[in-house]
$ cat my_file38.cif   # mmCIF, N, CA and C atoms
data_model
loop_
_atom_site.label_atom_id
_atom_site.label_comp_id
_atom_site.auth_asym_id
_atom_site.auth_seq_id
_atom_site.Cartn_x
_atom_site.Cartn_y
_atom_site.Cartn_z
N MET K 800 -1.60 50.05 3.24
CA MET K 800 -2.33 49.71 2.03
C MET K 800 -2.50 48.20 1.98
N GLN K 801 -3.68 47.73 1.78
CA GLN K 801 -3.95 46.31 1.64
C GLN K 801 -4.28 46.00 0.19
N LEU K 802 -3.44 45.23 -0.46
CA LEU K 802 -3.65 44.82 -1.84
C LEU K 802 -3.67 43.30 -1.92
N PRO K 803 -4.42 42.73 -2.83
CA PRO K 803 -4.39 41.28 -2.97
C PRO K 803 -3.04 40.82 -3.51
N MET K 804 -2.54 39.70 -3.00
CA MET K 804 -1.25 39.17 -3.43
C MET K 804 -1.33 38.61 -4.85
N LYS K 805 -2.45 38.01 -5.21
CA LYS K 805 -2.66 37.34 -6.49
C LYS K 805 -1.89 36.03 -6.60
N LEU K 806 -0.78 35.91 -5.90
CA LEU K 806 0.04 34.69 -5.96
C LEU K 806 0.22 34.14 -4.57
N GLY K 807 -0.26 32.96 -4.33
CA GLY K 807 -0.08 32.35 -3.03
C GLY K 807 -0.91 33.04 -1.96
N LYS K 808 -0.67 32.64 -0.74
CA LYS K 808 -1.40 33.21 0.38
C LYS K 808 -0.63 34.40 0.94
N PRO K 809 -1.32 35.49 1.29
CA PRO K 809 -0.65 36.61 1.91
C PRO K 809 -0.13 36.22 3.29
N THR K 810 0.88 36.90 3.75
CA THR K 810 1.49 36.57 5.03
C THR K 810 0.75 37.18 6.20
N GLY K 811 -0.31 37.96 5.97
CA GLY K 811 -1.07 38.54 7.05
C GLY K 811 -0.59 39.92 7.47
N VAL K 812 0.42 40.44 6.80
CA VAL K 812 0.93 41.78 7.09
C VAL K 812 0.55 42.71 5.95
N ALA K 813 0.74 43.99 6.17
CA ALA K 813 0.39 44.98 5.14
C ALA K 813 1.17 44.73 3.86
N MET K 814 0.48 44.91 2.74
CA MET K 814 1.09 44.75 1.42
C MET K 814 1.47 46.13 0.90
N ASN K 815 2.75 46.30 0.58
CA ASN K 815 3.24 47.54 -0.01
C ASN K 815 3.36 47.34 -1.51
N ALA K 816 3.33 48.43 -2.27
CA ALA K 816 3.43 48.30 -3.72
C ALA K 816 4.21 49.46 -4.31
N LEU K 817 5.01 49.15 -5.32
CA LEU K 817 5.66 50.14 -6.16
C LEU K 817 5.22 49.78 -7.57
N THR K 818 4.37 50.62 -8.15
CA THR K 818 3.70 50.26 -9.39
C THR K 818 4.55 50.55 -10.63
N GLU K 819 4.09 50.00 -11.75
CA GLU K 819 4.76 50.21 -13.03
C GLU K 819 4.83 51.72 -13.33
N GLY K 820 5.98 52.16 -13.79
CA GLY K 820 6.20 53.57 -14.07
C GLY K 820 6.93 54.29 -12.95
N ALA K 821 7.01 53.67 -11.78
CA ALA K 821 7.73 54.27 -10.65
C ALA K 821 9.19 53.84 -10.70
N ASP K 822 10.10 54.81 -10.54
CA ASP K 822 11.53 54.54 -10.52
C ASP K 822 12.10 55.05 -9.20
N LEU K 823 12.91 54.23 -8.55
CA LEU K 823 13.52 54.59 -7.29
C LEU K 823 15.02 54.37 -7.36
N GLU K 824 15.80 55.40 -7.07
CA GLU K 824 17.24 55.26 -6.95
C GLU K 824 17.58 55.38 -5.48
N GLY K 825 18.11 54.32 -4.91
CA GLY K 825 18.41 54.28 -3.48
C GLY K 825 17.91 52.98 -2.89
N ASN K 826 18.16 52.80 -1.61
CA ASN K 826 17.76 51.57 -0.93
C ASN K 826 16.34 51.67 -0.41
N LEU K 827 15.64 50.52 -0.37
CA LEU K 827 14.27 50.48 0.12
C LEU K 827 14.15 49.35 1.13
N THR K 828 13.56 49.67 2.29
CA THR K 828 13.30 48.68 3.33
C THR K 828 11.83 48.73 3.68
N CYS K 829 11.18 47.57 3.76
CA CYS K 829 9.79 47.52 4.22
C CYS K 829 9.60 46.29 5.10
N GLN K 830 8.76 46.44 6.12
CA GLN K 830 8.54 45.37 7.09
C GLN K 830 7.59 44.30 6.57
N GLY K 831 6.62 44.67 5.77
CA GLY K 831 5.62 43.72 5.29
C GLY K 831 5.99 43.12 3.95
N ASP K 832 4.96 42.77 3.18
CA ASP K 832 5.12 42.21 1.84
C ASP K 832 5.24 43.36 0.84
N LEU K 833 5.81 43.06 -0.33
CA LEU K 833 5.98 44.08 -1.36
C LEU K 833 5.67 43.51 -2.72
N ARG K 834 4.82 44.20 -3.46
CA ARG K 834 4.56 43.91 -4.88
C ARG K 834 5.28 44.99 -5.66
N LEU K 835 6.25 44.59 -6.49
CA LEU K 835 7.09 45.55 -7.22
C LEU K 835 6.90 45.37 -8.72
N ASP K 836 6.32 46.40 -9.37
CA ASP K 836 6.18 46.42 -10.81
C ASP K 836 6.97 47.56 -11.42
N GLY K 837 7.61 48.35 -10.57
CA GLY K 837 8.44 49.47 -11.02
C GLY K 837 9.90 49.07 -11.10
N ARG K 838 10.78 50.09 -10.98
CA ARG K 838 12.22 49.86 -11.10
C ARG K 838 12.92 50.40 -9.85
N ILE K 839 13.86 49.61 -9.32
CA ILE K 839 14.68 50.04 -8.19
C ILE K 839 16.14 49.84 -8.54
N GLN K 840 16.91 50.91 -8.37
CA GLN K 840 18.36 50.80 -8.49
C GLN K 840 18.92 51.05 -7.10
N GLY K 841 19.22 49.97 -6.41
CA GLY K 841 19.67 50.03 -5.03
C GLY K 841 19.29 48.73 -4.33
N ASP K 842 19.60 48.63 -3.07
CA ASP K 842 19.32 47.42 -2.31
C ASP K 842 17.88 47.41 -1.81
N LEU K 843 17.30 46.22 -1.73
CA LEU K 843 15.91 46.04 -1.35
C LEU K 843 15.84 45.03 -0.21
N LYS K 844 15.29 45.46 0.93
CA LYS K 844 15.15 44.57 2.09
C LYS K 844 13.67 44.49 2.44
N VAL K 845 13.11 43.28 2.32
CA VAL K 845 11.68 43.06 2.54
C VAL K 845 11.52 42.07 3.69
N GLY K 846 10.76 42.47 4.71
CA GLY K 846 10.57 41.62 5.87
C GLY K 846 9.68 40.42 5.61
N GLY K 847 8.87 40.47 4.56
CA GLY K 847 7.96 39.37 4.22
C GLY K 847 8.24 38.85 2.83
N ARG K 848 7.18 38.78 2.03
CA ARG K 848 7.24 38.23 0.68
C ARG K 848 7.41 39.33 -0.35
N LEU K 849 8.28 39.09 -1.32
CA LEU K 849 8.48 40.00 -2.45
C LEU K 849 7.94 39.35 -3.70
N VAL K 850 7.03 40.05 -4.39
CA VAL K 850 6.57 39.61 -5.71
C VAL K 850 7.10 40.64 -6.69
N LEU K 851 8.01 40.22 -7.57
CA LEU K 851 8.58 41.10 -8.59
C LEU K 851 7.84 40.80 -9.89
N GLY K 852 6.96 41.73 -10.29
CA GLY K 852 6.14 41.56 -11.49
C GLY K 852 6.97 41.50 -12.77
N ALA K 853 6.33 41.11 -13.86
CA ALA K 853 7.01 40.95 -15.14
C ALA K 853 7.68 42.22 -15.62
N GLN K 854 7.13 43.40 -15.27
CA GLN K 854 7.74 44.67 -15.66
C GLN K 854 8.69 45.19 -14.59
N GLY K 855 8.80 44.50 -13.46
CA GLY K 855 9.65 44.93 -12.36
C GLY K 855 11.13 44.71 -12.64
N VAL K 856 11.95 45.65 -12.17
CA VAL K 856 13.40 45.57 -12.34
C VAL K 856 14.07 45.95 -11.03
N VAL K 857 15.01 45.13 -10.59
CA VAL K 857 15.85 45.46 -9.44
C VAL K 857 17.30 45.34 -9.86
N LYS K 858 18.04 46.43 -9.69
CA LYS K 858 19.48 46.43 -9.93
C LYS K 858 20.14 46.71 -8.59
N GLY K 859 20.42 45.63 -7.87
CA GLY K 859 20.98 45.72 -6.53
C GLY K 859 20.75 44.42 -5.79
N ARG K 860 21.00 44.45 -4.51
CA ARG K 860 20.90 43.26 -3.66
C ARG K 860 19.49 43.16 -3.08
N ILE K 861 18.90 41.93 -3.12
CA ILE K 861 17.58 41.68 -2.54
C ILE K 861 17.74 40.76 -1.34
N SER K 862 17.10 41.14 -0.24
CA SER K 862 17.05 40.31 0.96
C SER K 862 15.59 40.24 1.39
N CYS K 863 15.05 39.03 1.55
CA CYS K 863 13.64 38.87 1.89
C CYS K 863 13.40 37.52 2.54
N LYS K 864 12.15 37.31 2.96
CA LYS K 864 11.75 36.02 3.52
C LYS K 864 11.55 35.02 2.39
N ASN K 865 10.74 35.40 1.41
CA ASN K 865 10.57 34.59 0.20
C ASN K 865 10.20 35.51 -0.95
N THR K 866 10.43 35.02 -2.17
CA THR K 866 10.17 35.85 -3.34
C THR K 866 9.68 35.02 -4.51
N HIS K 867 8.86 35.66 -5.33
CA HIS K 867 8.40 35.09 -6.60
C HIS K 867 8.79 36.11 -7.67
N VAL K 868 9.71 35.72 -8.55
CA VAL K 868 10.28 36.64 -9.54
C VAL K 868 9.69 36.36 -10.91
N PHE K 869 9.11 37.40 -11.51
CA PHE K 869 8.62 37.35 -12.88
C PHE K 869 9.45 38.27 -13.77
N GLY K 870 10.15 39.24 -13.17
CA GLY K 870 10.86 40.28 -13.91
C GLY K 870 12.36 40.09 -13.94
N LEU K 871 13.08 41.22 -13.90
CA LEU K 871 14.53 41.26 -14.08
C LEU K 871 15.24 41.62 -12.79
N VAL K 872 16.26 40.84 -12.44
CA VAL K 872 17.12 41.15 -11.29
C VAL K 872 18.57 41.12 -11.76
N GLU K 873 19.27 42.22 -11.50
CA GLU K 873 20.72 42.27 -11.72
C GLU K 873 21.35 42.51 -10.36
N GLY K 874 21.70 41.42 -9.69
CA GLY K 874 22.25 41.48 -8.34
C GLY K 874 21.92 40.20 -7.60
N THR K 875 22.29 40.13 -6.35
CA THR K 875 22.09 38.92 -5.57
C THR K 875 20.69 38.88 -4.95
N ILE K 876 20.20 37.67 -4.74
CA ILE K 876 18.95 37.46 -4.02
C ILE K 876 19.25 36.52 -2.86
N GLU K 877 18.90 36.94 -1.65
CA GLU K 877 19.02 36.10 -0.46
C GLU K 877 17.66 36.01 0.19
N ALA K 878 17.11 34.79 0.26
CA ALA K 878 15.80 34.57 0.87
C ALA K 878 15.95 33.57 2.01
N SER K 879 15.33 33.88 3.14
CA SER K 879 15.44 32.98 4.30
C SER K 879 14.56 31.75 4.16
N GLU K 880 13.54 31.79 3.27
CA GLU K 880 12.66 30.64 3.07
C GLU K 880 12.70 30.07 1.66
N SER K 881 12.34 30.89 0.64
CA SER K 881 12.28 30.32 -0.70
C SER K 881 12.40 31.38 -1.79
N ILE K 882 12.85 30.92 -2.96
CA ILE K 882 12.90 31.72 -4.18
C ILE K 882 12.17 30.94 -5.26
N HIS K 883 11.26 31.62 -5.98
CA HIS K 883 10.53 31.01 -7.09
C HIS K 883 10.81 31.86 -8.33
N LEU K 884 11.45 31.26 -9.32
CA LEU K 884 11.73 31.96 -10.58
C LEU K 884 10.71 31.48 -11.62
N SER K 885 9.86 32.39 -12.07
CA SER K 885 8.84 32.04 -13.07
C SER K 885 9.48 31.94 -14.45
N ALA K 886 8.70 31.53 -15.42
CA ALA K 886 9.20 31.35 -16.78
C ALA K 886 9.72 32.65 -17.39
N THR K 887 9.23 33.80 -16.93
CA THR K 887 9.66 35.09 -17.48
C THR K 887 10.79 35.74 -16.69
N ALA K 888 11.24 35.10 -15.62
CA ALA K 888 12.29 35.67 -14.76
C ALA K 888 13.65 35.69 -15.47
N ARG K 889 14.37 36.79 -15.27
CA ARG K 889 15.75 36.90 -15.76
C ARG K 889 16.60 37.40 -14.61
N VAL K 890 17.50 36.54 -14.11
CA VAL K 890 18.33 36.89 -12.96
C VAL K 890 19.79 36.76 -13.34
N THR K 891 20.54 37.84 -13.13
CA THR K 891 21.98 37.83 -13.31
C THR K 891 22.58 38.15 -11.95
N GLY K 892 23.08 37.12 -11.29
CA GLY K 892 23.64 37.27 -9.95
C GLY K 892 23.43 35.99 -9.16
N ASP K 893 24.06 35.93 -8.00
CA ASP K 893 23.98 34.74 -7.17
C ASP K 893 22.70 34.74 -6.35
N ILE K 894 22.15 33.54 -6.10
CA ILE K 894 20.95 33.41 -5.29
C ILE K 894 21.21 32.42 -4.15
N THR K 895 20.59 32.70 -3.01
CA THR K 895 20.75 31.85 -1.82
C THR K 895 19.39 31.69 -1.15
N ALA K 896 18.98 30.43 -0.94
CA ALA K 896 17.72 30.13 -0.25
C ALA K 896 17.70 28.64 0.10
N PRO K 897 16.95 28.26 1.14
CA PRO K 897 16.82 26.84 1.44
C PRO K 897 15.98 26.08 0.42
N LYS K 898 15.06 26.80 -0.25
CA LYS K 898 14.15 26.15 -1.21
C LYS K 898 14.13 26.97 -2.49
N LEU K 899 14.20 26.30 -3.64
CA LEU K 899 14.24 26.97 -4.94
C LEU K 899 13.32 26.26 -5.92
N VAL K 900 12.51 27.08 -6.63
CA VAL K 900 11.67 26.57 -7.72
C VAL K 900 12.04 27.36 -8.97
N VAL K 901 12.36 26.63 -10.04
CA VAL K 901 12.71 27.28 -11.31
C VAL K 901 11.81 26.72 -12.40
N GLU K 902 10.98 27.58 -12.96
CA GLU K 902 10.09 27.15 -14.04
C GLU K 902 10.86 27.11 -15.36
N GLU K 903 10.40 26.26 -16.28
CA GLU K 903 11.00 26.17 -17.60
C GLU K 903 10.91 27.53 -18.28
N GLY K 904 12.03 28.01 -18.79
CA GLY K 904 12.08 29.30 -19.46
C GLY K 904 12.77 30.37 -18.62
N ALA K 905 12.83 30.18 -17.31
CA ALA K 905 13.51 31.14 -16.44
C ALA K 905 15.00 31.17 -16.79
N GLN K 906 15.60 32.35 -16.68
CA GLN K 906 17.03 32.50 -16.98
C GLN K 906 17.77 32.90 -15.71
N LEU K 907 18.79 32.12 -15.35
CA LEU K 907 19.63 32.40 -14.19
C LEU K 907 21.08 32.32 -14.60
N THR K 908 21.78 33.44 -14.47
CA THR K 908 23.21 33.49 -14.74
C THR K 908 23.88 33.84 -13.42
N GLY K 909 24.43 32.86 -12.76
CA GLY K 909 25.04 33.06 -11.45
C GLY K 909 25.08 31.75 -10.70
N ARG K 910 25.47 31.84 -9.45
CA ARG K 910 25.57 30.66 -8.59
C ARG K 910 24.34 30.54 -7.71
N CYS K 911 24.01 29.30 -7.38
CA CYS K 911 22.89 29.02 -6.50
C CYS K 911 23.40 28.26 -5.28
N THR K 912 23.05 28.75 -4.09
CA THR K 912 23.42 28.07 -2.85
C THR K 912 22.14 27.74 -2.10
N MET K 913 21.99 26.46 -1.74
CA MET K 913 20.80 26.03 -1.00
C MET K 913 21.26 25.36 0.29
N GLN K 914 20.61 25.74 1.40
CA GLN K 914 20.91 25.15 2.70
C GLN K 914 19.60 24.78 3.36
N ALA K 915 19.61 23.70 4.14
CA ALA K 915 18.39 23.23 4.81
C ALA K 915 17.93 24.25 5.83
N LEU K 916 16.61 24.28 6.07
CA LEU K 916 16.05 25.16 7.08
C LEU K 916 16.54 24.80 8.47
N ARG K 917 16.74 23.49 8.69
CA ARG K 917 17.29 23.03 9.96
C ARG K 917 18.12 21.78 9.66
N PRO K 918 19.08 21.46 10.54
CA PRO K 918 19.89 20.26 10.30
C PRO K 918 19.04 18.99 10.30
N VAL K 919 19.38 18.06 9.44
CA VAL K 919 18.70 16.77 9.36
C VAL K 919 19.70 15.69 9.71
N TYR K 920 19.36 14.83 10.65
CA TYR K 920 20.25 13.77 11.11
C TYR K 920 19.78 12.44 10.57
N ALA K 921 20.71 11.57 10.21
CA ALA K 921 20.40 10.28 9.59
C ALA K 921 19.49 9.45 10.45
N GLY K 922 19.62 9.52 11.78
CA GLY K 922 18.82 8.69 12.68
C GLY K 922 17.48 9.28 13.04
N ASP K 923 17.16 10.45 12.52
CA ASP K 923 15.92 11.14 12.86
C ASP K 923 14.81 10.67 11.90
N ALA K 924 13.95 9.76 12.38
CA ALA K 924 12.91 9.19 11.53
C ALA K 924 11.86 10.22 11.13
N HIS K 925 11.72 11.30 11.89
CA HIS K 925 10.72 12.31 11.62
C HIS K 925 11.30 13.52 10.95
N ALA K 926 12.54 13.44 10.48
CA ALA K 926 13.22 14.60 9.88
C ALA K 926 12.57 14.95 8.56
N LYS K 927 12.45 16.24 8.32
CA LYS K 927 11.94 16.74 7.06
C LYS K 927 13.02 17.60 6.43
N THR K 928 13.17 17.49 5.14
CA THR K 928 14.15 18.33 4.44
C THR K 928 13.47 19.60 3.98
N ALA K 929 14.29 20.58 3.59
CA ALA K 929 13.75 21.88 3.17
C ALA K 929 12.99 21.76 1.88
#

$ encode --input "my_file38.cif" --output "structure tokens"
Amino acid sequence: MQLPMKLGKPTGVAMNALTEGADLEGNLTCQGDLRLDGRIQGDLKVGGRLVLGAQGVVKGRISCKNTHVFGLVEGTIEASESIHLSATARVTGDITAPKLVVEEGAQLTGRCTMQALRPVYAGDAHAKTA
């Protein structure tokens, strides 16, 4: 299924969707991107980008490449690239990513761990931080 991302550029892989009104109990794994407006109680592993809509709810562990959260997460989020918490995001749990954006109004109750994408050395004039 190919759906428009609406936020940012798509990663070029198939976009999966779980729409509002859909409830899933159990773990979900997908290789591409995922737009989630429904509810998941279980762990979520996304090979690409996760967009959690304002009505979306995840109660479990999230693992993805990057995510943009508008809804509710009760559990940990681990992203290999970035986490973006919008003004409507409500997260209760620890988050880990090299890059983090938190908009005014977002709620985060938990710990945040950020690590560089690659080591940066003091003598490296061309070094870029995460």

$ closest_residue --input "my_file38.cif" --among "K:Leu907, K:Val850, K:Leu871, K:Ile839" --to "K:Ala821" --atoms "all atoms listed in the file"
K:Ile839

$ resolve_selection --input "my_file38.cif" --expression "the PyMOL selection byres (((chain K and resi 863-866 and name CA) around 9) and name CA)" --output "short mmCIF file (atom, residue, chain, number, x, y, z; two decimals) with N, CA and C atoms, in the frame of the given file"
data_model
loop_
_atom_site.label_atom_id
_atom_site.label_comp_id
_atom_site.auth_asym_id
_atom_site.auth_seq_id
_atom_site.Cartn_x
_atom_site.Cartn_y
_atom_site.Cartn_z
N LEU K 843 17.30 46.22 -1.73
CA LEU K 843 15.91 46.04 -1.35
C LEU K 843 15.84 45.03 -0.21
N LYS K 844 15.29 45.46 0.93
CA LYS K 844 15.15 44.57 2.09
C LYS K 844 13.67 44.49 2.44
N VAL K 845 13.11 43.28 2.32
CA VAL K 845 11.68 43.06 2.54
C VAL K 845 11.52 42.07 3.69
N GLY K 846 10.76 42.47 4.71
CA GLY K 846 10.57 41.62 5.87
C GLY K 846 9.68 40.42 5.61
N GLY K 847 8.87 40.47 4.56
CA GLY K 847 7.96 39.37 4.22
C GLY K 847 8.24 38.85 2.83
N ARG K 848 7.18 38.78 2.03
CA ARG K 848 7.24 38.23 0.68
C ARG K 848 7.41 39.33 -0.35
N LEU K 849 8.28 39.09 -1.32
CA LEU K 849 8.48 40.00 -2.45
C LEU K 849 7.94 39.35 -3.70
N VAL K 850 7.03 40.05 -4.39
CA VAL K 850 6.57 39.61 -5.71
C VAL K 850 7.10 40.64 -6.69
N LEU K 851 8.01 40.22 -7.57
CA LEU K 851 8.58 41.10 -8.59
C LEU K 851 7.84 40.80 -9.89
N ILE K 861 18.90 41.93 -3.12
CA ILE K 861 17.58 41.68 -2.54
C ILE K 861 17.74 40.76 -1.34
N SER K 862 17.10 41.14 -0.24
CA SER K 862 17.05 40.31 0.96
C SER K 862 15.59 40.24 1.39
N HIS K 867 8.86 35.66 -5.33
CA HIS K 867 8.40 35.09 -6.60
C HIS K 867 8.79 36.11 -7.67
N VAL K 868 9.71 35.72 -8.55
CA VAL K 868 10.28 36.64 -9.54
C VAL K 868 9.69 36.36 -10.91
N ILE K 876 20.20 37.67 -4.74
CA ILE K 876 18.95 37.46 -4.02
C ILE K 876 19.25 36.52 -2.86
N GLU K 877 18.90 36.94 -1.65
CA GLU K 877 19.02 36.10 -0.46
C GLU K 877 17.66 36.01 0.19
N ALA K 878 17.11 34.79 0.26
CA ALA K 878 15.80 34.57 0.87
C ALA K 878 15.95 33.57 2.01
N SER K 879 15.33 33.88 3.14
CA SER K 879 15.44 32.98 4.30
C SER K 879 14.56 31.75 4.16
N GLU K 880 13.54 31.79 3.27
CA GLU K 880 12.66 30.64 3.07
C GLU K 880 12.70 30.07 1.66
N SER K 881 12.34 30.89 0.64
CA SER K 881 12.28 30.32 -0.70
C SER K 881 12.40 31.38 -1.79
N ILE K 882 12.85 30.92 -2.96
CA ILE K 882 12.90 31.72 -4.18
C ILE K 882 12.17 30.94 -5.26
N HIS K 883 11.26 31.62 -5.98
CA HIS K 883 10.53 31.01 -7.09
C HIS K 883 10.81 31.86 -8.33
N LEU K 884 11.45 31.26 -9.32
CA LEU K 884 11.73 31.96 -10.58
C LEU K 884 10.71 31.48 -11.62
N ALA K 896 18.98 30.43 -0.94
CA ALA K 896 17.72 30.13 -0.25
C ALA K 896 17.70 28.64 0.10
#

$ atom_distance --input "my_file38.cif" --atom1 "atom CA of K:Gly874" --atom2 "atom C of K:Asp832"
19.4 Å

$ atom_distance --input "my_file38.cif" --atom1 "atom C of K:Gly837" --atom2 "atom N of K:Thr908"
19.9 Å

$ select_by_dssp --input "my_file38.cif" --residues "stretch 880-916 of chain K" --states "strand (DSSP E or B)" --output "number ranges by chain"
K: 880-884, 889-891, 894-895, 898-901, 906-908, 911-912

$ write_last_selection --input "my_file38.cif" --atoms "N, CA and C atoms" --output "short mmCIF file (atom, residue, chain, number, x, y, z; two decimals), keeping the file's coordinate frame"
data_model
loop_
_atom_site.label_atom_id
_atom_site.label_comp_id
_atom_site.auth_asym_id
_atom_site.auth_seq_id
_atom_site.Cartn_x
_atom_site.Cartn_y
_atom_site.Cartn_z
N GLU K 880 13.54 31.79 3.27
CA GLU K 880 12.66 30.64 3.07
C GLU K 880 12.70 30.07 1.66
N SER K 881 12.34 30.89 0.64
CA SER K 881 12.28 30.32 -0.70
C SER K 881 12.40 31.38 -1.79
N ILE K 882 12.85 30.92 -2.96
CA ILE K 882 12.90 31.72 -4.18
C ILE K 882 12.17 30.94 -5.26
N HIS K 883 11.26 31.62 -5.98
CA HIS K 883 10.53 31.01 -7.09
C HIS K 883 10.81 31.86 -8.33
N LEU K 884 11.45 31.26 -9.32
CA LEU K 884 11.73 31.96 -10.58
C LEU K 884 10.71 31.48 -11.62
N ARG K 889 14.37 36.79 -15.27
CA ARG K 889 15.75 36.90 -15.76
C ARG K 889 16.60 37.40 -14.61
N VAL K 890 17.50 36.54 -14.11
CA VAL K 890 18.33 36.89 -12.96
C VAL K 890 19.79 36.76 -13.34
N THR K 891 20.54 37.84 -13.13
CA THR K 891 21.98 37.83 -13.31
C THR K 891 22.58 38.15 -11.95
N ILE K 894 22.15 33.54 -6.10
CA ILE K 894 20.95 33.41 -5.29
C ILE K 894 21.21 32.42 -4.15
N THR K 895 20.59 32.70 -3.01
CA THR K 895 20.75 31.85 -1.82
C THR K 895 19.39 31.69 -1.15
N LYS K 898 15.06 26.80 -0.25
CA LYS K 898 14.15 26.15 -1.21
C LYS K 898 14.13 26.97 -2.49
N LEU K 899 14.20 26.30 -3.64
CA LEU K 899 14.24 26.97 -4.94
C LEU K 899 13.32 26.26 -5.92
N VAL K 900 12.51 27.08 -6.63
CA VAL K 900 11.67 26.57 -7.72
C VAL K 900 12.04 27.36 -8.97
N VAL K 901 12.36 26.63 -10.04
CA VAL K 901 12.71 27.28 -11.31
C VAL K 901 11.81 26.72 -12.40
N GLN K 906 15.60 32.35 -16.68
CA GLN K 906 17.03 32.50 -16.98
C GLN K 906 17.77 32.90 -15.71
N LEU K 907 18.79 32.12 -15.35
CA LEU K 907 19.63 32.40 -14.19
C LEU K 907 21.08 32.32 -14.60
N THR K 908 21.78 33.44 -14.47
CA THR K 908 23.21 33.49 -14.74
C THR K 908 23.88 33.84 -13.42
N CYS K 911 24.01 29.30 -7.38
CA CYS K 911 22.89 29.02 -6.50
C CYS K 911 23.40 28.26 -5.28
N THR K 912 23.05 28.75 -4.09
CA THR K 912 23.42 28.07 -2.85
C THR K 912 22.14 27.74 -2.10
#

$ resolve_selection --input "my_file38.cif" --expression "the PyMOL selection byres ((chain K and resi 817) around 6.5)" --output "ChimeraX atom specification"
/K:815-816,818-819,821,833-837

$ resolve_selection --input "my_file38.cif" --expression "the PyMOL selection byres ((chain K and resi 888) around 7)" --output "list in words"
Val868, Phe869, Gly870, Leu871, Val872, Leu884, Ser885, Ala886, Thr887, Arg889, Val890, Gly904, Ala905, Gln906 and Leu907 of chain K

$ write_last_selection --input "my_file38.cif" --atoms "N, CA and C atoms" --output "PDB file, keeping the file's coordinate frame"
ATOM      1  N   VAL K 868       9.710  35.720  -8.550  1.00  0.00           N
ATOM      2  CA  VAL K 868      10.280  36.640  -9.540  1.00  0.00           C
ATOM      3  C   VAL K 868       9.690  36.360 -10.910  1.00  0.00           C
ATOM      4  N   PHE K 869       9.110  37.400 -11.510  1.00  0.00           N
ATOM      5  CA  PHE K 869       8.620  37.350 -12.880  1.00  0.00           C
ATOM      6  C   PHE K 869       9.450  38.270 -13.770  1.00  0.00           C
ATOM      7  N   GLY K 870      10.150  39.240 -13.170  1.00  0.00           N
ATOM      8  CA  GLY K 870      10.860  40.280 -13.910  1.00  0.00           C
ATOM      9  C   GLY K 870      12.360  40.090 -13.940  1.00  0.00           C
ATOM     10  N   LEU K 871      13.080  41.220 -13.900  1.00  0.00           N
ATOM     11  CA  LEU K 871      14.530  41.260 -14.080  1.00  0.00           C
ATOM     12  C   LEU K 871      15.240  41.620 -12.790  1.00  0.00           C
ATOM     13  N   VAL K 872      16.260  40.840 -12.440  1.00  0.00           N
ATOM     14  CA  VAL K 872      17.120  41.150 -11.290  1.00  0.00           C
ATOM     15  C   VAL K 872      18.570  41.120 -11.760  1.00  0.00           C
ATOM     16  N   LEU K 884      11.450  31.260  -9.320  1.00  0.00           N
ATOM     17  CA  LEU K 884      11.730  31.960 -10.580  1.00  0.00           C
ATOM     18  C   LEU K 884      10.710  31.480 -11.620  1.00  0.00           C
ATOM     19  N   SER K 885       9.860  32.390 -12.070  1.00  0.00           N
ATOM     20  CA  SER K 885       8.840  32.040 -13.070  1.00  0.00           C
ATOM     21  C   SER K 885       9.480  31.940 -14.450  1.00  0.00           C
ATOM     22  N   ALA K 886       8.700  31.530 -15.420  1.00  0.00           N
ATOM     23  CA  ALA K 886       9.200  31.350 -16.780  1.00  0.00           C
ATOM     24  C   ALA K 886       9.720  32.650 -17.390  1.00  0.00           C
ATOM     25  N   THR K 887       9.230  33.800 -16.930  1.00  0.00           N
ATOM     26  CA  THR K 887       9.660  35.090 -17.480  1.00  0.00           C
ATOM     27  C   THR K 887      10.790  35.740 -16.690  1.00  0.00           C
ATOM     28  N   ARG K 889      14.370  36.790 -15.270  1.00  0.00           N
ATOM     29  CA  ARG K 889      15.750  36.900 -15.760  1.00  0.00           C
ATOM     30  C   ARG K 889      16.600  37.400 -14.610  1.00  0.00           C
ATOM     31  N   VAL K 890      17.500  36.540 -14.110  1.00  0.00           N
ATOM     32  CA  VAL K 890      18.330  36.890 -12.960  1.00  0.00           C
ATOM     33  C   VAL K 890      19.790  36.760 -13.340  1.00  0.00           C
ATOM     34  N   GLY K 904      12.030  28.010 -18.790  1.00  0.00           N
ATOM     35  CA  GLY K 904      12.080  29.300 -19.460  1.00  0.00           C
ATOM     36  C   GLY K 904      12.770  30.370 -18.620  1.00  0.00           C
ATOM     37  N   ALA K 905      12.830  30.180 -17.310  1.00  0.00           N
ATOM     38  CA  ALA K 905      13.510  31.140 -16.440  1.00  0.00           C
ATOM     39  C   ALA K 905      15.000  31.170 -16.790  1.00  0.00           C
ATOM     40  N   GLN K 906      15.600  32.350 -16.680  1.00  0.00           N
ATOM     41  CA  GLN K 906      17.030  32.500 -16.980  1.00  0.00           C
ATOM     42  C   GLN K 906      17.770  32.900 -15.710  1.00  0.00           C
ATOM     43  N   LEU K 907      18.790  32.120 -15.350  1.00  0.00           N
ATOM     44  CA  LEU K 907      19.630  32.400 -14.190  1.00  0.00           C
ATOM     45  C   LEU K 907      21.080  32.320 -14.600  1.00  0.00           C
TER      46      LEU K 907
END

$ axis_aligned_box --input "my_file38.cif" --around "stretch 837-856 of chain K" --padding-each-side "6 Å" --output "JSON"
{"center_x": 12.9, "center_y": 44.6, "center_z": -4.9, "size_x": 25.5, "size_y": 24.8, "size_z": 33.5}

$ atom_distance --input "my_file38.cif" --atom1 "atom N of K:Pro897" --atom2 "atom C of K:Gly909"
14.8 Å

$ residues_near_point --input "my_file38.cif" --point "(18.6, 49.6, -1.5)" --cutoff "8 Å" --atoms "only N, CA and C atoms" --output "JSON, numbers by chain"
{"K": [824, 825, 826, 827, 828, 839, 840, 841, 842, 843, 844, 858, 859, 860, 861]}
